[in-house]
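Text of the file start-v4.txt, holding compact mmCIF, C-alpha atoms and all ligand atoms:
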```
# COMPACT_ATOMS: atom_id res chain seq x y z
CA MET U 85 -129.32 4.02 -7.65
CA SER U 86 -129.25 7.79 -8.18
CA GLU U 87 -125.68 7.80 -6.82
CA ARG U 88 -124.12 7.62 -10.27
CA ILE U 89 -125.98 10.68 -11.45
CA ILE U 90 -124.13 13.95 -11.13
CA THR U 91 -125.81 16.93 -9.49
CA ARG U 92 -124.70 20.45 -10.40
CA ASN U 93 -124.36 23.36 -7.97
CA PRO U 94 -125.81 26.83 -8.71
CA ASN U 95 -122.50 28.05 -10.17
CA GLU U 96 -122.38 25.08 -12.55
CA ILE U 97 -126.04 25.52 -13.46
CA CYS U 98 -125.24 29.14 -14.32
CA LYS U 99 -122.66 27.89 -16.83
CA LEU U 100 -125.09 25.34 -18.21
CA ARG U 101 -127.66 28.10 -18.62
CA LYS U 102 -125.19 30.04 -20.76
CA ALA U 103 -124.79 27.01 -23.01
CA GLY U 104 -128.55 26.54 -23.00
CA GLU U 105 -129.18 30.15 -23.99
CA VAL U 106 -126.82 29.88 -26.93
CA SER U 107 -128.38 26.54 -27.94
CA ALA U 108 -131.86 28.06 -27.82
CA ARG U 109 -130.86 31.17 -29.77
CA ILE U 110 -129.36 29.06 -32.55
CA LEU U 111 -132.35 26.71 -32.63
CA CYS U 112 -134.90 29.53 -32.79
CA GLU U 113 -133.01 31.42 -35.47
CA VAL U 114 -132.73 28.28 -37.59
CA ALA U 115 -136.44 27.63 -37.07
CA ALA U 116 -137.27 31.15 -38.31
CA TYR U 117 -135.13 30.50 -41.41
CA VAL U 118 -137.08 27.39 -42.50
CA ARG U 119 -139.39 28.12 -45.46
CA PRO U 120 -140.72 26.37 -48.56
CA GLY U 121 -138.22 26.01 -51.39
CA ILE U 122 -134.99 25.77 -49.41
CA THR U 123 -132.98 22.58 -49.06
CA THR U 124 -132.06 20.99 -45.76
CA LYS U 125 -128.40 21.61 -46.76
CA GLU U 126 -129.14 25.34 -46.80
CA ILE U 127 -130.58 25.02 -43.29
CA ASP U 128 -127.41 23.25 -42.17
CA ASP U 129 -125.23 25.94 -43.78
CA TYR U 130 -127.21 28.65 -42.02
CA ALA U 131 -126.71 26.87 -38.70
CA ARG U 132 -122.95 26.74 -39.36
CA GLU U 133 -122.94 30.54 -39.67
CA LEU U 134 -124.80 30.89 -36.40
CA PHE U 135 -122.39 28.60 -34.52
CA ALA U 136 -119.51 30.66 -35.94
CA ARG U 137 -121.18 33.93 -34.91
CA GLU U 138 -121.75 32.61 -31.38
CA LYS U 139 -118.11 31.43 -31.22
CA CYS U 140 -119.30 28.29 -29.44
CA GLY U 141 -118.62 24.62 -29.99
CA ASN U 142 -121.08 22.33 -31.77
CA ALA U 143 -122.30 19.43 -29.64
CA PHE U 144 -123.42 17.32 -32.61
CA PHE U 145 -120.92 17.86 -35.44
CA GLY U 146 -118.47 14.97 -35.30
CA TYR U 147 -120.31 13.26 -32.41
CA GLY U 148 -120.04 9.56 -33.23
CA GLY U 149 -119.10 10.76 -36.72
CA TYR U 150 -122.31 12.78 -37.14
CA PRO U 151 -121.72 14.89 -40.29
CA GLY U 152 -124.25 17.74 -39.80
CA GLN U 153 -124.31 20.99 -37.81
CA LEU U 154 -127.70 20.06 -36.42
CA CYS U 155 -130.34 17.39 -37.04
CA ILE U 156 -133.03 18.26 -39.61
CA SER U 157 -135.79 15.64 -39.78
CA VAL U 158 -138.68 16.18 -42.20
CA ASN U 159 -142.16 14.61 -41.93
CA GLU U 160 -141.71 10.83 -41.39
CA GLU U 161 -138.12 11.40 -40.29
CA VAL U 162 -138.05 11.25 -36.49
CA VAL U 163 -134.53 12.26 -35.51
CA HIS U 164 -130.93 12.57 -36.74
CA GLY U 165 -131.82 13.71 -40.27
CA ILE U 166 -128.79 15.15 -42.08
CA GLY U 167 -128.90 18.26 -44.28
CA GLY U 168 -128.84 17.45 -47.99
CA PRO U 169 -130.64 18.03 -51.31
CA LYS U 170 -134.14 17.54 -49.87
CA VAL U 171 -136.36 20.57 -50.57
CA ILE U 172 -138.75 21.83 -47.89
CA CYS U 173 -142.36 22.12 -49.13
CA ASP U 174 -145.44 23.96 -47.95
CA GLY U 175 -147.27 21.68 -45.51
CA ASP U 176 -144.14 19.93 -44.21
CA ILE U 177 -143.18 19.60 -40.57
CA VAL U 178 -139.48 20.00 -39.86
CA SER U 179 -137.83 18.84 -36.65
CA LEU U 180 -134.66 20.72 -35.72
CA ASP U 181 -132.30 19.56 -32.99
CA ALA U 182 -129.22 21.56 -32.01
CA GLY U 183 -126.68 21.71 -29.20
CA ALA U 184 -123.99 24.24 -28.30
CA ILE U 185 -120.87 23.83 -26.16
CA VAL U 186 -119.85 26.90 -24.16
CA ASN U 187 -116.67 26.65 -22.06
CA GLY U 188 -117.06 22.88 -22.00
CA TRP U 189 -120.72 22.93 -20.92
CA TYR U 190 -123.42 21.45 -23.15
CA GLY U 191 -126.90 22.56 -24.15
CA ASP U 192 -129.32 20.41 -26.14
CA ASN U 193 -132.73 21.40 -27.53
CA ALA U 194 -135.17 20.60 -30.30
CA LEU U 195 -138.48 21.67 -31.79
CA THR U 196 -140.69 20.91 -34.77
CA VAL U 197 -141.85 23.73 -37.03
CA ALA U 198 -144.93 23.71 -39.24
CA VAL U 199 -144.16 25.06 -42.72
CA GLY U 200 -147.04 26.99 -44.24
CA HIS U 201 -150.35 25.18 -44.59
CA VAL U 202 -149.98 22.10 -42.41
CA SER U 203 -152.77 19.53 -41.96
CA GLU U 204 -154.87 19.64 -38.83
CA GLU U 205 -153.62 16.19 -37.90
CA ALA U 206 -150.00 17.33 -38.07
CA ARG U 207 -150.78 20.51 -36.11
CA ARG U 208 -152.34 18.37 -33.41
CA LEU U 209 -149.21 16.20 -33.37
CA LEU U 210 -147.01 19.25 -32.78
CA ALA U 211 -149.22 20.63 -30.02
CA VAL U 212 -149.40 17.27 -28.23
CA THR U 213 -145.66 16.69 -28.45
CA GLU U 214 -144.76 20.15 -27.17
CA GLU U 215 -147.30 19.90 -24.34
CA ALA U 216 -145.95 16.44 -23.44
CA LEU U 217 -142.49 17.97 -23.03
CA TYR U 218 -143.85 20.56 -20.58
CA ARG U 219 -145.81 17.92 -18.67
CA GLY U 220 -142.55 16.02 -18.22
CA ILE U 221 -140.62 19.13 -17.18
CA ALA U 222 -143.22 19.93 -14.50
CA GLN U 223 -142.42 16.59 -12.85
CA ALA U 224 -138.64 17.14 -12.84
CA LYS U 225 -138.61 18.10 -9.18
CA GLN U 226 -136.66 16.88 -6.20
CA GLY U 227 -138.30 14.02 -4.35
CA ASN U 228 -139.98 12.70 -7.46
CA ASN U 229 -138.78 9.59 -9.23
CA LEU U 230 -137.58 9.93 -12.79
CA ALA U 231 -140.49 7.66 -13.64
CA ASP U 232 -142.82 10.55 -12.77
CA VAL U 233 -141.29 12.54 -15.64
CA CYS U 234 -141.50 9.60 -18.05
CA GLY U 235 -145.01 8.67 -16.91
CA ALA U 236 -146.34 12.24 -17.26
CA ILE U 237 -145.28 12.23 -20.91
CA GLU U 238 -146.73 8.78 -21.57
CA ASP U 239 -149.99 9.50 -19.76
CA PHE U 240 -150.52 12.75 -21.63
CA VAL U 241 -149.80 11.31 -25.10
CA LYS U 242 -151.58 7.95 -24.81
CA PRO U 243 -155.21 9.15 -25.04
CA PHE U 244 -154.44 10.75 -28.42
CA GLY U 245 -153.49 7.33 -29.78
CA PHE U 246 -150.14 8.58 -31.05
CA GLY U 247 -146.97 6.49 -31.19
CA ILE U 248 -144.33 7.08 -28.49
CA VAL U 249 -140.89 6.36 -29.93
CA ARG U 250 -139.00 3.90 -27.74
CA ASP U 251 -135.67 3.42 -29.49
CA TYR U 252 -134.53 6.99 -28.79
CA VAL U 253 -134.80 8.62 -25.38
CA GLY U 254 -133.74 11.71 -23.46
CA HIS U 255 -130.62 11.78 -21.34
CA GLY U 256 -128.52 13.52 -18.76
CA VAL U 257 -126.36 16.33 -20.13
CA GLY U 258 -123.60 18.53 -18.73
CA ARG U 259 -119.91 18.14 -19.49
CA HIS U 260 -120.87 15.70 -22.28
CA LEU U 261 -123.82 15.55 -24.64
CA HIS U 262 -125.00 12.25 -23.21
CA GLU U 263 -124.68 11.51 -19.51
CA ASP U 264 -126.67 9.32 -17.13
CA PRO U 265 -129.56 8.79 -16.76
CA ALA U 266 -131.51 7.71 -19.83
CA VAL U 267 -134.88 9.53 -19.89
CA PRO U 268 -137.50 7.44 -21.73
CA ASN U 269 -140.79 9.00 -22.83
CA PHE U 270 -142.70 6.14 -21.22
CA ARG U 271 -142.51 4.21 -17.94
CA PRO U 272 -139.90 1.55 -18.58
CA HIS U 273 -139.99 -1.92 -17.03
CA TYR U 274 -136.79 -1.21 -15.08
CA ARG U 275 -136.43 0.94 -11.99
CA LEU U 276 -135.53 4.55 -12.40
CA PRO U 277 -133.58 6.82 -10.02
CA HIS U 278 -135.00 9.34 -7.62
CA LEU U 279 -134.50 12.94 -8.63
CA LYS U 280 -132.23 15.28 -6.74
CA ARG U 281 -131.94 19.01 -7.08
CA GLY U 282 -129.29 19.95 -9.65
CA MET U 283 -129.56 16.86 -11.84
CA ILE U 284 -129.54 17.99 -15.48
CA LEU U 285 -131.89 16.27 -17.90
CA ALA U 286 -132.49 16.61 -21.63
CA ILE U 287 -136.16 15.68 -21.91
CA GLU U 288 -137.17 15.01 -25.52
CA PRO U 289 -140.43 13.31 -26.48
CA MET U 290 -140.53 11.95 -30.04
CA ILE U 291 -144.15 11.26 -31.01
CA THR U 292 -145.69 9.89 -34.22
CA LEU U 293 -149.10 9.86 -35.87
CA GLY U 294 -148.79 6.08 -36.23
CA THR U 295 -146.44 3.41 -34.98
CA TRP U 296 -143.73 3.83 -32.34
CA ARG U 297 -141.47 1.64 -34.47
CA VAL U 298 -138.60 3.31 -36.30
CA LYS U 299 -135.89 2.21 -38.71
CA VAL U 300 -132.58 3.80 -39.61
CA LEU U 301 -131.90 4.73 -43.24
CA ASP U 302 -128.82 3.67 -45.21
CA ASP U 303 -127.06 6.89 -44.21
CA GLN U 304 -126.77 5.17 -40.78
CA TRP U 305 -128.30 8.17 -39.02
CA THR U 306 -131.75 9.22 -40.17
CA ALA U 307 -134.43 7.47 -38.12
CA VAL U 308 -137.81 7.26 -39.89
CA THR U 309 -141.09 5.81 -38.72
CA ALA U 310 -141.57 2.20 -39.86
CA ASP U 311 -145.03 3.04 -41.27
CA GLY U 312 -144.17 6.39 -42.87
CA SER U 313 -146.36 8.31 -40.43
CA TRP U 314 -145.17 11.80 -39.50
CA ALA U 315 -143.27 12.53 -36.30
CA ALA U 316 -142.59 15.49 -34.00
CA HIS U 317 -139.80 16.16 -31.52
CA PHE U 318 -139.50 18.78 -28.77
CA GLU U 319 -136.61 18.97 -26.32
CA HIS U 320 -135.34 21.14 -23.49
CA THR U 321 -132.35 20.91 -21.20
CA VAL U 322 -133.66 21.31 -17.63
CA ALA U 323 -132.24 21.38 -14.10
CA VAL U 324 -134.21 19.41 -11.51
CA GLY U 325 -135.54 22.04 -9.09
CA ALA U 326 -137.49 22.27 -5.86
CA HIS U 327 -140.86 22.66 -7.55
CA GLY U 328 -140.28 21.48 -11.12
CA GLY U 329 -137.71 21.53 -13.86
CA GLU U 330 -135.89 24.78 -14.49
CA ILE U 331 -135.58 25.19 -18.26
CA LEU U 332 -132.03 26.09 -19.30
CA THR U 333 -132.88 26.36 -23.03
CA GLU U 334 -135.81 28.76 -22.59
CA ARG U 335 -137.71 29.82 -25.74
CA PRO U 336 -141.25 30.87 -26.54
CA ARG U 337 -143.66 27.99 -27.04
CA ILE U 338 -144.41 27.61 -30.73
CA ALA U 339 -147.04 24.87 -30.89
CA LEU U 340 -149.76 26.24 -28.64
CA PRO U 341 -153.15 24.85 -29.70
CA GLU U 342 -154.74 28.31 -30.03
CA GLN U 343 -151.91 29.44 -32.31
CA LEU U 344 -152.38 26.32 -34.40
CA GLY U 345 -156.12 26.78 -34.58
CA ILE U 346 -157.01 23.52 -32.85
CA THR U 347 -158.27 22.29 -29.52
CA LEU U 348 -156.66 19.32 -27.81
N1 LIG A 1 -130.84 15.42 -29.14
C1 LIG A 1 -130.24 14.32 -29.84
C2 LIG A 1 -129.71 13.35 -28.85
O1 LIG A 1 -129.60 13.69 -27.72
C3 LIG A 1 -129.21 14.78 -30.78
C4 LIG A 1 -128.01 13.95 -30.98
S1 LIG A 1 -127.52 14.12 -32.58
C5 LIG A 1 -125.94 13.59 -32.70
O2 LIG A 1 -129.44 12.20 -29.16
F1 LIG A 1 -125.56 13.87 -33.85
F2 LIG A 1 -125.19 14.22 -31.86
F3 LIG A 1 -125.87 12.30 -32.47
CO CO A 2 -130.86 15.19 -26.74
```
Starting from the file, give its structure as structure tokens.
Amino acid sequence: MSERIITRNPNEICKLRKAGEVSARILCEVAAYVRPGITTKEIDDYARELFAREKCGNAFFGYGGYPGQLCISVNEEVVHGIGGPKVICDGDIVSLDAGAIVNGWYGDNALTVAVGHVSEEARRLLAVTEEALYRGIAQAKQGNNLADVCGAIEDFVKPFGFGIVRDYVGHGVGRHLHEDPAVPNFRPHYRLPHLKRGMILAIEPMITLGTWRVKVLDDQWTAVTADGSWAAHFEHTVAVGAHGGEILTERPRIALPEQLGITL
């Protein structure tokens, strides 16, 4: 069953790491640019400048007709938000998702930033979602089943009572943005493949303060929670390794509980 999933050799992983590094640099610079008073269109414009500076391709722009440079999803928006007239306010949480293409190799990564004075509940959501990502990555090792990755995320999030989005999942990545396998953030009812060294996964938990149910807005892209509860999203591109996932989109952690002034 894992036969259909491509594994990458060290030389290919080196190229993927280049794409991952560029993806992470763009994501982190955009995250640092987010502040109260700017519009999501201004964030998108800033990202366009960064892609131009990096002289790389954009994995999202034009993908399935996607009109933005990156996805900017505010508060109850879960994923695929498009830059526009919306103004960022103090207390918002903003999910950013960006991918670069370097010499035909793809990187994909996401994070959620807290803008100014964010509620304790929302800070907890960010910390739990980021930690869930790292729990999943730790299980991305050869000999494990992909279900160990999915289950680690589900098992970590469940006790907090948060919603685990089901309609959007992680994925393989490499020469395309989306490759096999699908990587759910929960143990699915179907069988999942065993993991082999060199498989490349984009692991991306999307977690809400309420329901797991989402709906898509009239723009045909923006997914929002069905109950209006806020959502967070953290993603890394990782290579399945001998002892755990090797992160190809490395960045500093931003939602550590101590930095957010909470305990989990
Ligand atoms: N990380 C998201 C995903 O893998 C981003 C895709 S946005 C799109 O689905 F615009 F490219 F669709
Ligand atoms: Co992705």
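Distances here use only C-alpha atoms and all ligand atoms; by that measure, the residue among U:Ala211, U:Ala231, U:Ile177, U:Met290 closest to ligand LIG 1 (chain A) is U:Met290.
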Write out as a PyMOL selection string each polymer residue (protein, DNA or RNA) that has an atom no more than 7 Å from ligand CO 2 (chain A), with all atoms listed in the file counted. chain U and resi 192-193+254-255+286+288+319
I'd like the contact shell of region 215-228 of chain U - 8 Å cut-off, all atoms listed in the file, skipping same-chain residues fewer than 4 positions apart - returned as a ChimeraX atom specification. /U:211,232-238,240-241,278-281,287-289,318-320,322-331
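The smallest atom-to-atom distance between Arg101 (chain U) and any of U:Leu134, U:Glu334, U:Gly183, U:Phe246, using only C-alpha atoms, is found for U:Glu334.
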Contacts with ligand LIG 1 (chain A) at most 7 Å, all atoms listed in the file counted, listed as an MDAnalysis selection string: chainID U and resid 143:145 147:148 150 155 164 181:182 192:194 254:255 261:262
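Using all atoms listed in the file, the nearest neighbour of Glu126 (chain U) within the list U:Ile172, U:Ile97, U:Ile110, U:Cys140 is U:Ile172.
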Quote the spacing between CA of Gly282 (chain U) and CA of Ile248 (chain U) in Å to one decimal place.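 Atom-to-atom, CA of Gly282 (chain U) and CA of Ile248 (chain U) are spaced 27.3 Å apart.
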Report as a list in words all protein, DNA and RNA residues lying within 6 Å of Ser107 (chain U), evaluated on only C-alpha atoms, omitting residues in the same chain fewer than 2 positions from it.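 Returned residues: Gly104, Glu105, Arg109, Ile110, Gly183, Ala184 and Gly191 of chain U.
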Just to be explicit: take each residue in the selection above, keep C-alpha atoms, and write the result as a tab-separated table (two decimals), in the coordinates of the input.
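And here is the file that came out, part08.tsv:
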```
chain	number	residue	atom	x	y	z
U	104	GLY	CA	-128.55	26.54	-23.00
U	105	GLU	CA	-129.18	30.15	-23.99
U	109	ARG	CA	-130.86	31.17	-29.77
U	110	ILE	CA	-129.36	29.06	-32.55
U	183	GLY	CA	-126.68	21.71	-29.20
U	184	ALA	CA	-123.99	24.24	-28.30
U	191	GLY	CA	-126.90	22.56	-24.15
```
